[in-house]
>>> print(open('target-v1.txt').read())   # compact mmCIF, C-alpha atoms
# COMPACT_ATOMS: atom_id res chain seq x y z
CA MET L 2 146.21 97.63 69.73
CA SER L 3 146.21 100.72 71.81
CA LYS L 4 144.37 101.01 75.10
CA GLN L 5 142.46 104.01 73.72
CA TYR L 6 141.25 101.94 70.76
CA LEU L 7 140.04 99.11 73.05
CA ASN L 8 138.22 101.61 75.28
CA SER L 9 136.51 103.09 72.23
CA VAL L 10 135.43 99.67 70.97
CA GLN L 11 134.16 98.75 74.43
CA LYS L 12 132.13 101.98 74.68
CA LEU L 13 130.72 101.44 71.19
CA PHE L 14 129.70 97.89 72.11
CA LYS L 15 127.95 99.10 75.30
CA TYR L 16 126.17 101.80 73.29
CA PHE L 17 125.02 99.22 70.73
CA ILE L 18 123.67 96.91 73.47
CA PHE L 19 121.90 99.90 75.07
CA LEU L 20 120.24 100.80 71.75
CA LEU L 21 119.05 97.22 71.27
CA PHE L 22 117.57 97.20 74.77
CA VAL L 23 115.84 100.56 74.40
CA SER L 24 114.40 99.73 70.98
CA ASN L 25 112.69 96.66 72.46
CA LEU L 26 111.03 98.56 75.28
CA HIS L 27 107.31 99.14 74.95
CA ALA L 28 106.14 102.29 76.64
CA SER L 29 102.97 101.36 78.44
CA LYS L 30 100.21 103.88 78.73
CA ILE L 31 97.25 104.55 80.99
CA ILE L 32 93.99 104.30 79.09
CA ASP L 33 90.67 105.94 79.81
CA ILE L 34 88.64 103.23 78.10
CA LYS L 35 85.60 105.54 77.98
CA GLU L 36 87.47 107.47 75.26
CA TYR L 37 87.32 104.31 73.11
CA LEU L 38 84.11 102.61 74.23
CA SER L 39 80.93 104.59 74.77
CA ASP L 40 79.04 101.51 75.96
CA ILE L 41 80.62 99.21 78.54
CA GLU L 42 78.43 96.48 79.97
CA ILE L 43 79.69 95.30 83.35
CA VAL L 44 79.03 91.69 84.34
CA SER L 45 79.94 90.64 87.85
CA LYS L 46 77.27 88.07 88.74
CA TYR L 47 78.05 84.43 88.00
CA GLU L 48 74.98 83.99 85.78
CA ASP L 49 75.84 87.09 83.72
CA ARG L 50 79.51 86.09 83.35
CA LYS L 51 78.43 82.61 82.26
CA LYS L 52 76.10 84.02 79.57
CA GLY L 53 78.49 86.76 78.39
CA LEU L 54 77.84 87.64 74.74
CA MET L 55 76.13 84.35 73.85
CA ASN L 56 73.46 84.45 71.15
CA ARG L 57 74.16 88.03 70.10
CA ARG L 58 74.57 88.44 66.36
CA SER L 59 76.66 91.62 66.53
CA ILE L 60 77.91 94.35 68.81
CA PRO L 61 78.78 97.96 67.94
CA ASN L 62 82.43 98.93 67.45
CA ASP L 63 82.29 101.14 70.54
CA TYR L 64 80.89 98.39 72.81
CA GLY L 65 82.72 96.26 75.33
CA MET L 66 81.77 93.79 78.04
CA LEU L 67 83.82 93.98 81.25
CA PHE L 68 83.83 90.77 83.29
CA ILE L 69 84.57 91.08 86.99
CA TRP L 70 85.41 88.07 89.14
CA PRO L 71 85.21 88.17 92.93
CA TYR L 72 88.89 87.22 93.22
CA GLU L 73 92.09 87.45 91.22
CA ARG L 74 93.30 84.14 89.77
CA LYS L 75 93.80 82.44 86.41
CA GLN L 76 90.53 82.92 84.54
CA CYS L 77 89.05 81.16 81.50
CA MET L 78 86.48 82.08 78.87
CA TRP L 79 84.97 80.31 75.90
CA MET L 80 82.82 81.10 72.88
CA LYS L 81 79.97 78.60 73.24
CA ASN L 82 76.90 79.93 71.38
CA THR L 83 78.75 83.15 70.51
CA TYR L 84 78.37 84.30 66.90
CA ILE L 85 80.77 87.25 67.03
CA PRO L 86 84.55 86.93 66.65
CA LEU L 87 85.92 88.58 69.77
CA SER L 88 89.16 89.70 71.36
CA VAL L 89 89.60 89.45 75.11
CA ALA L 90 92.09 91.22 77.36
CA TYR L 91 92.78 89.74 80.76
CA ILE L 92 93.44 92.49 83.28
CA ASP L 93 95.00 92.29 86.73
CA ILE L 94 93.65 93.86 89.91
CA ARG L 95 95.57 97.11 89.25
CA GLY L 96 94.09 97.48 85.74
CA LYS L 97 97.17 96.33 83.80
CA ILE L 98 96.47 94.34 80.64
CA ILE L 99 98.36 91.10 81.13
CA GLU L 100 97.21 89.13 78.06
CA ILE L 101 95.17 89.62 74.88
CA TYR L 102 93.65 86.78 72.85
CA ASP L 103 91.48 86.51 69.73
CA MET L 104 88.62 84.06 70.13
CA VAL L 105 86.79 81.98 67.54
CA PRO L 106 82.97 81.94 67.32
CA PHE L 107 81.26 78.81 68.71
CA SER L 108 84.51 77.36 70.02
CA LYS L 109 84.13 75.35 73.21
CA ASP L 110 87.87 75.50 73.84
CA SER L 111 88.75 77.49 76.92
CA VAL L 112 90.89 80.58 76.44
CA CYS L 113 92.62 80.96 79.79
CA SER L 114 94.91 83.55 81.27
CA THR L 115 98.33 82.27 82.25
CA LYS L 116 98.54 84.85 85.05
CA ALA L 117 96.12 85.92 87.75
CA ALA L 118 93.38 88.20 86.41
CA LYS L 119 90.56 90.05 88.15
CA TYR L 120 88.90 91.42 85.00
CA ALA L 121 88.46 90.63 81.32
CA LEU L 122 87.34 93.00 78.59
CA GLU L 123 85.66 91.52 75.49
CA VAL L 124 85.36 93.57 72.31
CA ASN L 125 85.09 92.93 68.58
CA SER L 126 87.98 90.91 67.18
CA GLY L 127 91.02 93.04 66.34
CA TRP L 128 89.79 96.01 68.37
CA PHE L 129 92.83 96.18 70.68
CA GLU L 130 95.24 96.13 67.74
CA GLU L 131 93.17 98.72 65.85
CA LYS L 132 93.22 101.07 68.87
CA ASN L 133 96.91 100.36 69.57
CA ILE L 134 96.11 99.05 73.05
CA ASN L 135 98.70 96.52 74.13
CA ILE L 136 99.81 94.16 76.86
CA GLY L 137 101.35 96.28 79.61
CA ASP L 138 98.96 99.20 79.12
CA SER L 139 96.71 100.01 82.06
CA ILE L 140 92.98 100.66 82.03
CA GLU L 141 91.46 102.95 84.62
CA ILE L 142 89.21 100.29 86.13
CA LYS L 143 88.14 102.38 89.12
CA LYS L 144 86.91 105.07 86.74
CA ILE L 145 84.75 102.54 84.89
CA LEU L 146 83.34 101.09 88.09
CA SER L 147 82.61 104.51 89.61
CA ASN L 148 80.59 105.43 86.50
CA ASP L 149 78.55 102.23 86.70
CA LYS L 150 75.73 103.45 88.89
>>> encode(input="target-v1.txt", output="structure tokens")
Amino acid sequence: MSKQYLNSVQKLFKYFIFLLFVSNLHASKIIDIKEYLSDIEIVSKYEDRKKGLMNRRSIPNDYGMLFIWPYERKQCMWMKNTYIPLSVAYIDIRGKIIEIYDMVPFSKDSVCSTKAAKYALEVNSGWFEEKNINIGDSIEIKKILSNDK
């Protein structure tokens, strides 16, 4: 085999590996959540976080509940007395979505983040997928909090 042939094969192999790598990249985006949700209820007090969406029979498609904890750490939520199937996104202190889970009505099983989270956003089940909002995307948290007056 000629040296030129081996160089060509090596370049082709590198190009193929590069294409595989690039095709698996997910381009994260910055999201102004107000474009998707016209009603965001912010809960930062312990009693409000504990109650969450319990005993509500439904929520509008453009509604979300943003949970705020006083510190960033692994957080847990559950669906005790919650009728509505929900999805939850755990969000870090910078606003990056680190995990998304679907939750089952009335389940007393904890749905915990595996990484440190400062916020969680609960919406109707499947909402994140429907809106093409994914892990790695960032939500403009400061914008939400500055509008909550």
>>> residues_near_point(input="target-v1.txt", point="(98.2, 96.2, 83.4)", cutoff="12 Å", atoms="only C-alpha atoms", output="PDB file with C-alpha atoms, in the coordinates of the input")
ATOM      1  CA  SER L  29     102.970 101.360  78.440  1.00  0.00           C
ATOM      2  CA  LYS L  30     100.210 103.880  78.730  1.00  0.00           C
ATOM      3  CA  ILE L  31      97.250 104.550  80.990  1.00  0.00           C
ATOM      4  CA  ILE L  32      93.990 104.300  79.090  1.00  0.00           C
ATOM      5  CA  ALA L  90      92.090  91.220  77.360  1.00  0.00           C
ATOM      6  CA  TYR L  91      92.780  89.740  80.760  1.00  0.00           C
ATOM      7  CA  ILE L  92      93.440  92.490  83.280  1.00  0.00           C
ATOM      8  CA  ASP L  93      95.000  92.290  86.730  1.00  0.00           C
ATOM      9  CA  ILE L  94      93.650  93.860  89.910  1.00  0.00           C
ATOM     10  CA  ARG L  95      95.570  97.110  89.250  1.00  0.00           C
ATOM     11  CA  GLY L  96      94.090  97.480  85.740  1.00  0.00           C
ATOM     12  CA  LYS L  97      97.170  96.330  83.800  1.00  0.00           C
ATOM     13  CA  ILE L  98      96.470  94.340  80.640  1.00  0.00           C
ATOM     14  CA  ILE L  99      98.360  91.100  81.130  1.00  0.00           C
ATOM     15  CA  GLU L 100      97.210  89.130  78.060  1.00  0.00           C
ATOM     16  CA  ILE L 101      95.170  89.620  74.880  1.00  0.00           C
ATOM     17  CA  LYS L 116      98.540  84.850  85.050  1.00  0.00           C
ATOM     18  CA  ALA L 117      96.120  85.920  87.750  1.00  0.00           C
ATOM     19  CA  ALA L 118      93.380  88.200  86.410  1.00  0.00           C
ATOM     20  CA  LYS L 119      90.560  90.050  88.150  1.00  0.00           C
ATOM     21  CA  TYR L 120      88.900  91.420  85.000  1.00  0.00           C
ATOM     22  CA  ALA L 121      88.460  90.630  81.320  1.00  0.00           C
ATOM     23  CA  ILE L 134      96.110  99.050  73.050  1.00  0.00           C
ATOM     24  CA  ASN L 135      98.700  96.520  74.130  1.00  0.00           C
ATOM     25  CA  ILE L 136      99.810  94.160  76.860  1.00  0.00           C
ATOM     26  CA  GLY L 137     101.350  96.280  79.610  1.00  0.00           C
ATOM     27  CA  ASP L 138      98.960  99.200  79.120  1.00  0.00           C
ATOM     28  CA  SER L 139      96.710 100.010  82.060  1.00  0.00           C
ATOM     29  CA  ILE L 140      92.980 100.660  82.030  1.00  0.00           C
ATOM     30  CA  GLU L 141      91.460 102.950  84.620  1.00  0.00           C
ATOM     31  CA  ILE L 142      89.210 100.290  86.130  1.00  0.00           C
TER      32      ILE L 142
END
>>> closest_residue(input="target-v1.txt", among="L:Ser39, L:Ser3, L:Thr83, L:Ser88", to="Lys51 (chain L)", atoms="only C-alpha atoms")
L:Thr83
>>> closest_residue(input="target-v1.txt", among="L:Ser59, L:Thr115, L:Gln5, L:Asp103", to="Arg74 (chain L)", atoms="all atoms listed in the file")
L:Thr115
>>> closest_residue(input="target-v1.txt", among="L:Asn62, L:Pro86, L:Ser126, L:Leu67", to="Ile145 (chain L)", atoms="all atoms listed in the file")
L:Leu67
>>> atom_distance(input="target-v1.txt", atom1="CA of Lys46 (chain L)", atom2="CA of Lys132 (chain L)")
28.6 Å
>>> atom_distance(input="target-v1.txt", atom1="CA of Lys143 (chain L)", atom2="CA of Cys77 (chain L)")
22.6 Å
>>> closest_residue(input="target-v1.txt", among="L:Leu122, L:Ile34, L:Met55, L:Met104", to="Ile69 (chain L)", atoms="only C-alpha atoms")
L:Leu122
>>> closest_residue(input="target-v1.txt", among="L:Cys113, L:Met66, L:Val124, L:Leu7", to="Arg50 (chain L)", atoms="only C-alpha atoms")
L:Met66
>>> closest_residue(input="target-v1.txt", among="L:Ser114, L:Gln11, L:Ser108, L:Ser45", to="Lys75 (chain L)", atoms="only C-alpha atoms")
L:Ser114
>>> residues_around(input="target-v1.txt", residues="Met80 (chain L)", least_positions_apart="3", cutoff="10 Å", atoms="only C-alpha atoms", output="PyMOL selection string")
chain L and resi 52-55+83-87+104-112
>>> atom_distance(input="target-v1.txt", atom1="CA of Glu123 (chain L)", atom2="CA of Tyr37 (chain L)")
13.1 Å
